[in-house]
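This is target.cif (mmCIF, C-alpha atoms).
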data_structure
loop_
_atom_site.label_atom_id
_atom_site.label_comp_id
_atom_site.auth_asym_id
_atom_site.auth_seq_id
_atom_site.Cartn_x
_atom_site.Cartn_y
_atom_site.Cartn_z
CA MET G 240 30.91 -74.08 72.67
CA LYS G 241 33.52 -71.64 73.79
CA ARG G 242 32.05 -69.01 71.58
CA ALA G 243 28.57 -69.52 72.93
CA LYS G 244 29.90 -69.35 76.48
CA ALA G 245 31.76 -66.14 75.67
CA ILE G 246 28.58 -64.58 74.29
CA LEU G 247 26.47 -65.63 77.27
CA THR G 248 28.97 -64.35 79.81
CA SER G 249 29.56 -61.06 78.07
CA PRO G 250 28.23 -57.83 79.79
CA ALA G 251 26.09 -57.10 76.79
CA ALA G 252 24.29 -60.37 77.14
CA THR G 253 23.70 -59.70 80.83
CA VAL G 254 22.24 -56.28 80.10
CA LEU G 255 20.09 -57.72 77.35
CA ALA G 256 18.77 -60.44 79.66
CA PHE G 257 17.99 -57.84 82.33
CA LEU G 258 16.10 -55.66 79.88
CA LEU G 259 14.19 -58.67 78.62
CA ALA G 260 13.19 -59.66 82.16
CA ALA G 261 12.11 -56.11 82.99
CA GLY G 262 10.07 -55.92 79.83
CA LEU G 263 8.33 -59.19 80.57
CA LEU G 264 7.54 -58.08 84.08
CA LEU G 265 6.11 -54.79 82.91
CA PHE G 266 4.11 -56.45 80.23
CA SER G 267 2.65 -58.99 82.60
CA THR G 268 1.50 -56.20 84.95
CA VAL G 269 -0.21 -54.35 82.16
CA GLY G 270 -1.85 -57.53 81.05
CA GLY G 271 -3.19 -58.16 84.53
CA ALA G 272 -4.60 -54.67 84.75
CA ARG G 273 -6.30 -55.02 81.47
CA ALA G 274 -7.77 -58.34 82.48
CA ALA G 275 -9.18 -56.71 85.62
CA LEU G 276 -10.67 -53.91 83.61
CA THR G 277 -12.39 -56.23 81.21
CA TYR G 278 -13.86 -58.12 84.19
CA TYR G 279 -15.55 -55.02 85.52
CA SER G 280 -18.93 -54.12 84.23
CA ASP G 281 -21.95 -52.14 85.41
CA THR G 282 -23.87 -55.33 85.92
CA TYR G 283 -21.76 -56.40 88.85
CA ALA G 284 -21.26 -54.12 91.79
CA SER G 285 -19.14 -55.26 94.65
CA ARG G 286 -19.95 -54.15 98.17
CA MET G 287 -17.89 -54.66 101.29
CA GLN G 288 -18.88 -53.77 104.83
CA LEU G 289 -16.44 -53.71 107.71
CA SER G 290 -17.91 -54.82 111.00
CA ASP G 291 -17.70 -52.24 113.74
CA ILE G 292 -17.40 -53.15 117.41
CA GLY G 293 -18.06 -50.49 120.00
CA VAL G 294 -18.56 -50.44 123.74
CA THR G 295 -19.58 -47.66 126.13
CA LEU G 296 -19.58 -47.26 129.89
CA LEU G 297 -22.85 -45.83 131.18
CA GLU G 298 -22.91 -43.95 134.49
CA ASN G 299 -26.42 -43.18 135.73
CA GLY G 300 -27.63 -43.55 132.17
CA ALA G 301 -25.08 -41.23 130.56
CA GLU G 302 -21.91 -42.11 128.72
CA ALA G 303 -18.77 -41.73 130.83
CA SER G 304 -15.19 -41.69 129.61
CA GLY G 305 -11.88 -40.11 130.45
CA ASP G 306 -11.90 -38.18 133.72
CA ALA G 307 -15.67 -37.67 133.73
CA LEU G 308 -16.54 -40.47 136.15
CA LEU G 309 -18.26 -39.33 139.40
CA GLY G 310 -18.58 -35.85 137.95
CA GLY G 311 -22.10 -35.34 139.28
CA MET G 312 -21.67 -37.18 142.54
CA LEU G 313 -21.65 -34.12 144.80
CA ALA G 314 -24.16 -32.08 142.83
CA GLU G 315 -26.71 -32.34 145.64
CA ASP G 316 -24.59 -31.92 148.78
CA GLY G 317 -21.66 -29.89 147.55
CA GLN G 318 -19.28 -31.77 149.78
CA LEU G 319 -18.43 -35.39 150.34
CA THR G 320 -20.32 -37.04 153.18
CA LEU G 321 -18.86 -40.20 154.62
CA ASN G 322 -20.94 -43.36 154.62
CA LYS G 323 -23.52 -41.82 152.38
CA PRO G 324 -24.38 -44.11 149.45
CA TYR G 325 -24.27 -41.93 146.34
CA ALA G 326 -26.21 -43.12 143.31
CA GLU G 327 -23.74 -44.64 140.90
CA THR G 328 -25.44 -46.99 138.49
CA LEU G 329 -22.80 -48.42 136.20
CA CYS G 330 -23.42 -50.67 133.23
CA VAL G 331 -22.08 -51.36 129.75
CA LYS G 332 -23.75 -50.68 126.43
CA ASN G 333 -23.01 -52.22 123.07
CA ASN G 334 -22.91 -49.24 120.71
CA GLY G 335 -21.23 -51.12 117.88
CA ALA G 336 -22.58 -53.03 114.91
CA ILE G 337 -21.85 -56.57 116.09
CA ASN G 338 -22.77 -58.59 119.15
CA GLN G 339 -20.09 -58.86 121.80
CA TYR G 340 -18.98 -60.27 125.13
CA VAL G 341 -17.77 -57.81 127.74
CA ARG G 342 -15.84 -57.60 130.97
CA VAL G 343 -15.09 -54.73 133.35
CA SER G 344 -12.14 -54.10 135.63
CA ILE G 345 -12.84 -51.88 138.62
CA TYR G 346 -9.90 -50.19 140.33
CA ARG G 347 -10.25 -48.45 143.70
CA TYR G 348 -7.34 -46.66 145.29
CA TRP G 349 -6.17 -43.50 147.07
CA VAL G 350 -3.79 -40.83 145.81
CA ASP G 351 -2.11 -37.89 147.50
CA ALA G 352 -2.28 -34.27 146.39
CA ASP G 353 0.38 -34.92 143.73
CA GLY G 354 -1.48 -37.87 142.30
CA ASN G 355 0.86 -40.48 143.73
CA LYS G 356 -0.81 -43.67 144.83
CA ARG G 357 -1.15 -44.10 148.62
CA THR G 358 -0.66 -47.81 149.10
CA ASP G 359 -0.92 -47.42 152.88
CA LEU G 360 -4.59 -46.50 152.61
CA ASP G 361 -7.22 -49.17 152.33
CA PRO G 362 -9.05 -49.44 148.97
CA GLY G 363 -11.79 -51.29 150.85
CA MET G 364 -12.88 -47.95 152.31
CA ILE G 365 -14.18 -47.11 148.83
CA ARG G 366 -17.36 -49.15 148.84
CA LEU G 367 -19.22 -50.13 145.69
CA SER G 368 -22.49 -51.98 145.98
CA PRO G 369 -22.38 -55.57 144.68
CA ALA G 370 -22.88 -56.30 141.01
CA ALA G 371 -26.25 -57.55 139.83
CA ALA G 372 -26.86 -61.10 138.67
CA GLY G 373 -25.13 -61.86 135.40
CA TRP G 374 -21.74 -60.56 136.41
CA GLN G 375 -19.14 -63.13 137.44
CA VAL G 376 -16.22 -62.14 139.61
CA ASP G 377 -12.90 -63.48 138.41
CA PRO G 378 -11.31 -64.59 141.68
CA ASP G 379 -7.90 -65.11 140.09
CA ALA G 380 -7.68 -61.52 138.90
CA THR G 381 -9.35 -59.84 141.84
CA THR G 382 -7.33 -58.09 144.52
CA ARG G 383 -8.21 -55.60 147.24
CA GLU G 384 -7.66 -52.82 144.72
CA ARG G 385 -9.04 -54.47 141.59
CA THR G 386 -12.22 -56.38 140.83
CA VAL G 387 -12.65 -58.05 137.44
CA LEU G 388 -16.16 -58.96 136.33
CA TYR G 389 -17.29 -60.92 133.29
CA TYR G 390 -20.78 -60.60 131.90
CA ASP G 391 -22.15 -64.06 131.33
CA GLN G 392 -24.51 -63.16 128.50
CA LEU G 393 -23.92 -62.16 124.92
CA LEU G 394 -24.53 -58.44 124.61
CA PRO G 395 -26.56 -57.76 121.44
CA VAL G 396 -26.18 -54.58 119.43
CA GLY G 397 -27.72 -51.65 121.26
CA ALA G 398 -28.33 -53.60 124.48
CA GLU G 399 -27.15 -52.78 127.99
CA THR G 400 -25.86 -55.13 130.65
CA ALA G 401 -27.27 -55.42 134.14
CA SER G 402 -25.65 -52.89 136.43
CA PHE G 403 -22.38 -53.86 138.07
CA ALA G 404 -22.80 -51.16 140.74
CA GLU G 405 -25.65 -49.07 142.10
CA THR G 406 -24.01 -46.92 144.76
CA VAL G 407 -20.60 -45.73 145.88
CA ALA G 408 -19.75 -44.65 149.42
CA ILE G 409 -16.70 -43.82 151.47
CA ASP G 410 -16.58 -45.74 154.72
CA GLY G 411 -16.93 -43.54 157.79
CA ALA G 412 -14.09 -45.44 159.40
CA VAL G 413 -11.68 -43.16 157.54
CA ALA G 414 -12.75 -40.38 159.91
CA VAL G 415 -11.41 -42.10 163.02
CA GLN G 416 -8.11 -43.50 161.77
CA THR G 417 -5.04 -41.57 162.80
CA ASP G 418 -1.41 -41.73 161.81
CA ASP G 419 1.62 -41.95 164.09
CA ALA G 420 1.63 -38.19 164.56
CA GLY G 421 -2.00 -38.19 165.69
CA GLY G 422 -3.34 -36.64 162.49
CA PHE G 423 -6.16 -38.06 160.44
CA LEU G 424 -4.69 -40.75 158.21
CA TYR G 425 -7.04 -40.14 155.29
CA ASN G 426 -7.15 -36.37 155.55
CA GLY G 427 -6.27 -34.81 152.18
CA ALA G 428 -6.25 -38.14 150.39
CA LYS G 429 -8.27 -38.46 147.21
CA PHE G 430 -10.17 -41.62 146.46
CA VAL G 431 -10.17 -42.74 142.84
CA LEU G 432 -12.60 -45.04 141.10
CA GLU G 433 -11.37 -46.27 137.75
CA ILE G 434 -13.37 -48.47 135.37
CA HIS G 435 -12.01 -50.30 132.33
CA VAL G 436 -14.43 -51.94 129.91
CA ASP G 437 -13.32 -54.50 127.31
CA ALA G 438 -15.32 -56.15 124.56
CA VAL G 439 -14.63 -58.93 122.08
CA GLN G 440 -16.50 -60.10 119.06
CA GLU G 441 -19.23 -62.73 119.20
CA ASN G 442 -17.77 -65.02 116.54
CA ASN G 443 -15.03 -67.29 117.80
CA ALA G 444 -15.35 -65.44 121.11
CA GLN G 445 -13.57 -68.11 123.09
CA ALA G 446 -10.36 -67.67 121.13
CA ALA G 447 -10.88 -63.94 120.92
CA ALA G 448 -11.17 -63.64 124.70
CA LEU G 449 -8.05 -65.69 125.22
CA SER G 450 -6.17 -63.61 122.67
CA ALA G 451 -7.38 -60.17 123.73
CA TRP G 452 -7.90 -60.67 127.46
CA GLY G 453 -5.51 -63.49 128.25
CA ARG G 454 -8.33 -65.25 130.11
CA ARG G 455 -9.58 -68.72 129.34
CA VAL G 456 -13.36 -68.69 129.09
CA THR G 457 -15.94 -71.13 127.80
CA VAL G 458 -18.45 -69.74 125.37
CA ASP G 459 -21.62 -71.52 124.39
CA GLU G 460 -22.24 -69.90 121.05
CA ALA G 461 -25.67 -71.48 120.65
CA ALA G 462 -26.88 -70.25 124.02
CA GLY G 463 -24.93 -67.01 123.92
CA THR G 464 -23.37 -67.51 127.34
CA LEU G 465 -19.89 -67.15 128.76
CA ARG G 466 -18.40 -68.67 131.87
CA LEU G 467 -14.94 -68.56 133.33
CA GLY G 468 -12.57 -71.48 132.87
CA MET N 63 30.78 -68.39 95.79
CA LYS N 64 30.58 -70.42 98.96
CA ARG N 65 29.08 -67.45 100.84
CA ARG N 66 26.47 -67.00 98.17
CA SER N 67 25.46 -70.62 98.44
CA ILE N 68 25.10 -70.33 102.17
CA ALA N 69 23.02 -67.18 101.82
CA ALA N 70 20.79 -68.83 99.25
CA PHE N 71 20.37 -71.85 101.49
CA ALA N 72 19.50 -69.67 104.48
CA LEU N 73 16.96 -67.74 102.45
CA ALA N 74 15.36 -70.93 101.19
CA ALA N 75 15.24 -72.32 104.72
CA ALA N 76 13.63 -69.17 106.07
CA LEU N 77 11.02 -69.17 103.36
CA THR N 78 10.27 -72.82 104.02
CA ALA N 79 9.95 -72.13 107.74
CA THR N 80 7.34 -69.47 107.16
CA ALA N 81 5.10 -72.10 105.66
CA PHE N 82 4.78 -73.67 109.12
CA VAL N 83 3.95 -70.45 110.94
CA GLU N 84 0.35 -70.37 112.17
CA PRO N 85 -1.68 -67.67 110.50
CA ALA N 86 -2.04 -64.66 112.79
CA MET N 87 -5.65 -64.20 113.89
CA ALA N 88 -7.11 -60.76 114.39
CA TYR N 89 -10.26 -60.22 116.41
CA PHE N 90 -12.60 -57.30 116.74
CA THR N 91 -12.12 -55.79 120.16
CA ASP N 92 -12.89 -52.49 121.79
CA SER N 93 -12.32 -50.90 125.16
CA THR N 94 -13.08 -47.74 127.06
CA GLN N 95 -12.22 -46.40 130.47
CA ALA N 96 -13.22 -43.66 132.86
CA GLN N 97 -12.09 -42.50 136.26
CA GLY N 98 -12.85 -39.92 138.91
CA GLY N 99 -12.72 -39.20 142.61
CA TYR N 100 -12.80 -36.65 145.40
CA THR N 101 -10.55 -35.55 148.20
CA VAL N 102 -11.51 -36.43 151.73
CA ILE N 103 -11.15 -33.55 154.17
CA LEU N 104 -11.08 -34.48 157.82
CA GLY N 105 -10.80 -31.35 159.86
CA GLY N 106 -12.58 -32.91 162.78
CA THR N 107 -14.31 -31.10 165.57
CA ASP N 108 -13.18 -28.79 168.33
CA ILE N 109 -14.67 -27.74 171.64
CA GLN N 110 -14.84 -24.20 172.99
CA GLU N 111 -15.32 -23.81 176.69
CA ASP N 112 -15.81 -20.69 178.80
CA PHE N 113 -16.13 -20.74 182.56
CA PHE N 114 -17.84 -18.07 184.60
CA ASP N 115 -20.58 -17.93 187.27
CA TRP N 116 -19.58 -21.51 188.24
CA THR N 117 -20.83 -22.61 184.86
CA LYS N 118 -19.07 -24.15 181.90
CA HIS N 119 -20.37 -22.76 178.62
CA ILE N 120 -19.68 -25.35 175.93
CA THR N 121 -19.95 -25.19 172.16
CA ILE N 122 -18.52 -27.62 169.62
CA THR N 123 -17.39 -26.60 166.15
CA CYS N 124 -16.95 -28.72 163.04
CA SER N 125 -14.02 -27.52 160.96
CA GLU N 126 -14.64 -25.86 157.62
CA GLY N 127 -14.84 -28.41 154.82
CA ALA N 128 -14.81 -31.33 157.23
CA GLN N 129 -17.16 -34.29 157.25
CA ALA N 130 -20.54 -34.09 158.91
CA TYR N 131 -20.67 -35.39 162.48
CA TYR N 132 -23.02 -36.11 165.33
CA VAL N 133 -21.73 -34.93 168.70
CA ARG N 134 -22.55 -35.61 172.34
CA ALA N 135 -21.08 -34.34 175.59
CA ARG N 136 -21.15 -34.83 179.32
CA ALA N 137 -19.19 -33.64 182.32
CA PHE N 138 -17.62 -35.42 185.29
CA ALA N 139 -17.00 -33.92 188.70
CA GLY N 140 -16.69 -36.88 191.01
CA LYS N 141 -18.85 -36.94 194.13
CA THR N 142 -17.78 -33.55 195.45
CA TYR N 143 -20.03 -31.41 193.33
CA ASP N 144 -23.35 -31.86 191.66
CA LEU N 145 -23.71 -30.79 188.06
CA THR N 146 -26.79 -29.42 186.39
CA TYR N 147 -27.15 -29.16 182.63
CA ASN N 148 -28.98 -26.60 180.59
CA GLY N 149 -28.78 -26.78 176.83
CA ASP N 150 -30.10 -24.52 174.11
CA ASP N 151 -32.02 -25.83 171.11
CA GLY N 152 -30.70 -29.13 169.80
CA TRP N 153 -29.36 -30.56 173.08
CA ARG N 154 -31.19 -33.54 174.56
CA LEU N 155 -30.46 -35.69 177.57
CA GLY N 156 -30.02 -39.33 176.58
CA ALA N 157 -30.90 -42.32 178.72
CA ASP N 158 -27.19 -43.04 179.19
CA GLY N 159 -26.44 -39.67 180.80
CA TRP N 160 -24.91 -38.11 177.69
CA TYR N 161 -26.25 -34.91 176.20
CA TYR N 162 -26.82 -35.39 172.50
CA TYR N 163 -26.86 -32.63 169.94
CA ASP N 164 -29.54 -33.87 167.54
CA PRO N 165 -28.84 -31.79 164.41
CA ILE N 166 -26.10 -32.95 162.06
CA LEU N 167 -23.04 -30.79 162.50
CA TYR N 168 -21.77 -29.99 159.02
CA GLY N 169 -18.38 -28.53 158.18
CA GLY N 170 -18.08 -24.96 159.40
CA GLU N 171 -21.06 -25.21 161.74
CA GLN N 172 -21.22 -24.82 165.52
CA THR N 173 -23.56 -26.31 168.10
CA THR N 174 -25.72 -24.19 170.30
CA GLU N 175 -24.52 -23.72 173.85
CA LEU N 176 -24.59 -26.40 176.50
CA ARG N 177 -24.16 -25.08 180.05
CA VAL N 178 -22.90 -27.22 182.91
CA ARG N 179 -23.30 -25.56 186.33
CA ILE N 180 -21.25 -26.66 189.28
CA GLU N 181 -23.42 -26.86 192.39
CA ASN N 182 -22.48 -27.03 196.05
CA VAL N 183 -19.63 -24.65 195.64
CA PRO N 184 -18.13 -23.79 199.07
CA ALA N 185 -19.10 -20.36 200.26
CA ASP N 186 -15.47 -19.52 200.97
CA ALA N 187 -14.24 -20.53 197.54
CA GLU N 188 -11.75 -18.06 196.08
CA PRO N 189 -10.31 -17.47 192.63
CA GLY N 190 -7.55 -20.00 191.99
CA ASP N 191 -9.17 -22.81 193.92
CA HIS N 192 -9.02 -26.07 192.03
CA PHE N 193 -12.22 -27.65 190.78
CA ASN N 194 -11.80 -30.90 188.94
CA VAL N 195 -14.68 -30.85 186.48
CA GLN N 196 -13.98 -32.41 183.13
CA VAL N 197 -16.10 -32.20 180.02
CA VAL N 198 -15.96 -35.04 177.53
CA TYR N 199 -17.39 -34.79 174.08
CA GLU N 200 -17.51 -37.34 171.32
CA CYS N 201 -18.12 -37.03 167.62
CA THR N 202 -19.01 -39.74 165.14
CA PRO N 203 -19.37 -39.43 161.38
CA VAL N 204 -22.91 -39.38 160.08
CA LEU N 205 -24.00 -42.75 158.75
CA TYR N 206 -26.83 -43.40 156.30
CA GLY N 207 -29.24 -46.29 156.22
CA ALA N 208 -30.36 -48.07 153.09
CA ASP N 209 -33.23 -45.61 152.71
CA GLY N 210 -30.90 -42.66 153.08
CA THR N 211 -31.86 -41.87 156.67
CA PRO N 212 -28.92 -40.47 158.64
CA TYR N 213 -28.02 -42.02 161.98
CA ALA N 214 -25.16 -42.22 164.43
CA ASP N 215 -23.15 -45.26 165.44
CA TRP N 216 -21.45 -44.24 168.66
CA LYS N 217 -19.22 -47.29 168.62
CA LYS N 218 -17.36 -45.58 165.77
CA GLY N 219 -16.97 -42.34 167.64
CA GLY N 220 -13.90 -40.93 169.28
CA ALA N 221 -13.68 -39.29 172.69
CA ASN N 222 -12.24 -35.85 173.23
CA TRP N 223 -11.53 -34.48 176.69
CA ALA N 224 -11.64 -30.87 177.65
#
What's the structure tokens form of this structure?
Amino acid sequence: MKRAKAILTSPAATVLAFLLAAGLLLFSTVGGARAALTYYSDTYASRMQLSDIGVTLLENGAEASGDALLGGMLAEDGQLTLNKPYAETLCVKNNGAINQYVRVSIYRYWVDADGNKRTDLDPGMIRLSPAAAGWQVDPDATTRERTVLYYDQLLPVGAETASFAETVAIDGAVAVQTDDAGGFLYNGAKFVLEIHVDAVQENNAQAAALSAWGRRVTVDEAAGTLRLG
Amino acid sequence: MKRRSIAAFALAAALTATAFVEPAMAYFTDSTQAQGGYTVILGGTDIQEDFFDWTKHITITCSEGAQAYYVRARAFAGKTYDLTYNGDDGWRLGADGWYYYDPILYGGEQTTELRVRIENVPADAEPGDHFNVQVVYECTPVLYGADGTPYADWKKGGANWA
């Protein structure tokens, strides 16, 4: 017994056991690879397709992204005219490979010449026409600066939503508001319109919306509709 | 030896705990964003007034790069003197006594001349005599109706005295 214990606890035995384990491991890997190779044949071809989700913001029918929004707004007049409703048809297009539900967040605010936000200026002076039927306003997420809209229909591949705006205008009231020094309050301020579009997959959309958007929605998968709450 | 046992126990416990962790769900999502805007320039309007031959010669200028405005003007002289108006093209007497300049006054543009003559001036009037005749003009930003037709809302205007 003592002899056997001495052999088992000797360094040589430890090294031998290690080598044996490594050999077994290596051999098992090779075996697995060989098994996989023998499984493959020309008769069976495997094919896998990854679903692709894609969403685009359309401005007057053209794709808009980055800093390109409102780029053609003053093409006709050359300069901004207060109160004039400029054509600004905004909608969302599904340019992916799967159906989706979408929402948009609209931000309106003013910045100074350095790009710093002017919180003393009223975002309400930046007027967007109301969204068409089909868009639901989320009252819990909407502020004077931000409006969050959910599209209540499933958006099939290649389809476009109803427009969530048709015109944009700057209220003429900005021309008669003065600051404490008697200067025009809005003079030199830049209005900014910012649109965020989010999309989630059709399958298990209720959980997907909660996970990705943090908003509890109810999805009727059979009818292809979404409502808040 | 004791440390090793504790470590082994901790490892076993951690591995067991992972069995109860909910599987992480991944969803297909996408997003895009765009932004843009323009600077509002409010240079406002300014009145130029010359006085000779007992007549005030008035023009109103809209500052370069400023918003488009409608303007109107009138003068006040109390009961001492009568005033007669004579405007060039564009000026029109309104039913309320104001003289309206019908064209839109865009940035950098100037109205035609509106003349206000002071009547009943005393024959012995001399240079330096005081005549209290004030000209008031108002401007209001051009508004647009649903069909794109421009119009003025004088309730949104602002008075300027000269």
Decode the PyMOL selection byres ((chain N) within 6 of (chain G)) for the given file into explicit residues and return them as a PDB file with C-alpha atoms, in the coordinates of the input.
ATOM      1  CA  TYR N  89     -10.260 -60.220 116.410  1.00  0.00           C
ATOM      2  CA  PHE N  90     -12.600 -57.300 116.740  1.00  0.00           C
ATOM      3  CA  THR N  91     -12.120 -55.790 120.160  1.00  0.00           C
ATOM      4  CA  ASP N  92     -12.890 -52.490 121.790  1.00  0.00           C
ATOM      5  CA  SER N  93     -12.320 -50.900 125.160  1.00  0.00           C
ATOM      6  CA  THR N  94     -13.080 -47.740 127.060  1.00  0.00           C
ATOM      7  CA  GLN N  95     -12.220 -46.400 130.470  1.00  0.00           C
ATOM      8  CA  ALA N  96     -13.220 -43.660 132.860  1.00  0.00           C
ATOM      9  CA  GLN N  97     -12.090 -42.500 136.260  1.00  0.00           C
ATOM     10  CA  GLY N  98     -12.850 -39.920 138.910  1.00  0.00           C
ATOM     11  CA  GLY N  99     -12.720 -39.200 142.610  1.00  0.00           C
ATOM     12  CA  TYR N 100     -12.800 -36.650 145.400  1.00  0.00           C
ATOM     13  CA  THR N 101     -10.550 -35.550 148.200  1.00  0.00           C
ATOM     14  CA  VAL N 102     -11.510 -36.430 151.730  1.00  0.00           C
ATOM     15  CA  ILE N 103     -11.150 -33.550 154.170  1.00  0.00           C
ATOM     16  CA  LEU N 104     -11.080 -34.480 157.820  1.00  0.00           C
ATOM     17  CA  GLN N 129     -17.160 -34.290 157.250  1.00  0.00           C
ATOM     18  CA  PRO N 203     -19.370 -39.430 161.380  1.00  0.00           C
ATOM     19  CA  LEU N 205     -24.000 -42.750 158.750  1.00  0.00           C
ATOM     20  CA  TYR N 206     -26.830 -43.400 156.300  1.00  0.00           C
TER      21      TYR N 206
END
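Using all atoms listed in the file, the shortest contact distance between Ala139 of chain N and any of N:Asp209, N:Val198, N:Phe114, N:Ala185 is found at N:Val198.
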(message) Using Å and a single decimal, report how far atom CA of Trp153 of chain N sits from atom CA of Leu176 of chain N.
(response) 7.2 Å
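Between Thr107 of chain N and the residues N:Gly170, N:Gly140, N:Gly156, N:Gly207, the shortest atom-to-atom distance, using all atoms listed in the file, involves N:Gly170.
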(message) Using all atoms listed in the file for the distances, tell me which of N:Asp164, N:Asp158, N:Asp115, N:Asp151 is nearest to Val204 of chain N.
(response) N:Asp164
(request) Can you give me, as a PyMOL selection string, the residues this file yields under the PyMOL selection byres ((chain N and resi 121) around 8)? (result) chain N and resi 109-111+119-120+122-123+172-176
All file atoms of segment 244-256 of chain G boxed axis-aligned, 4 Å per side, centre plus edges, as lines of an AutoDock Vina configuration file:
center_x = 25.3
center_y = -62.8
center_z = 77.6
size_x = 21.0
size_y = 21.1
size_z = 14.5
(message) Applying 10 Å and only C-alpha atoms, which residues near Thr457 of chain G remain after dropping the ones on its own chain fewer than 5 positions away? List them as a PyMOL selection string.
(response) chain G and resi 444-446+448-449+464-468
Go ahead and write the selection's residues with C-alpha atoms as a PDB file, in the coordinates of the input.
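In the end it all went to out.pdb:
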ATOM      1  CA  ALA G 444     -15.350 -65.440 121.110  1.00  0.00           C
ATOM      2  CA  GLN G 445     -13.570 -68.110 123.090  1.00  0.00           C
ATOM      3  CA  ALA G 446     -10.360 -67.670 121.130  1.00  0.00           C
ATOM      4  CA  ALA G 448     -11.170 -63.640 124.700  1.00  0.00           C
ATOM      5  CA  LEU G 449      -8.050 -65.690 125.220  1.00  0.00           C
ATOM      6  CA  THR G 464     -23.370 -67.510 127.340  1.00  0.00           C
ATOM      7  CA  LEU G 465     -19.890 -67.150 128.760  1.00  0.00           C
ATOM      8  CA  ARG G 466     -18.400 -68.670 131.870  1.00  0.00           C
ATOM      9  CA  LEU G 467     -14.940 -68.560 133.330  1.00  0.00           C
ATOM     10  CA  GLY G 468     -12.570 -71.480 132.870  1.00  0.00           C
TER      11      GLY G 468
END
(message) Could you list, as a VMD selection string, every residue matched by the PyMOL selection byres ((chain N and resi 132) around 12) in this structure?
(response) chain N and resid 106 to 107 122 to 124 129 to 131 133 to 135 152 to 153 161 to 169 171 to 173 199 to 205 212 to 216 218 to 220
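Counting all atoms listed in the file, the residue from N:Thr211, N:Ser67, N:Thr117, N:Asn182 that sits nearest to Ala137 of chain N is N:Thr117.
Residues surrounding segment 142-146 of chain N within 8 Å are Val178, Arg179, Ile180, Glu181, Asn182 and Val183 of chain N [only C-alpha atoms; sequence separation below 6 positions excluded].
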Using only C-alpha atoms, please write the residues we just selected to a file, as a PDB file, in the frame of the given file.
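Heads up, here's the output in part_19.pdb:
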ATOM      1  CA  VAL N 178     -22.900 -27.220 182.910  1.00  0.00           C
ATOM      2  CA  ARG N 179     -23.300 -25.560 186.330  1.00  0.00           C
ATOM      3  CA  ILE N 180     -21.250 -26.660 189.280  1.00  0.00           C
ATOM      4  CA  GLU N 181     -23.420 -26.860 192.390  1.00  0.00           C
ATOM      5  CA  ASN N 182     -22.480 -27.030 196.050  1.00  0.00           C
ATOM      6  CA  VAL N 183     -19.630 -24.650 195.640  1.00  0.00           C
TER       7      VAL N 183
END
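Relative to atom CA of Ala301 of chain G, atom CA of Ser368 of chain G is found at 19.0 Å.
From atom CA of Gly453 of chain G back to atom CA of Val396 of chain G, the distance works out to 24.2 Å.
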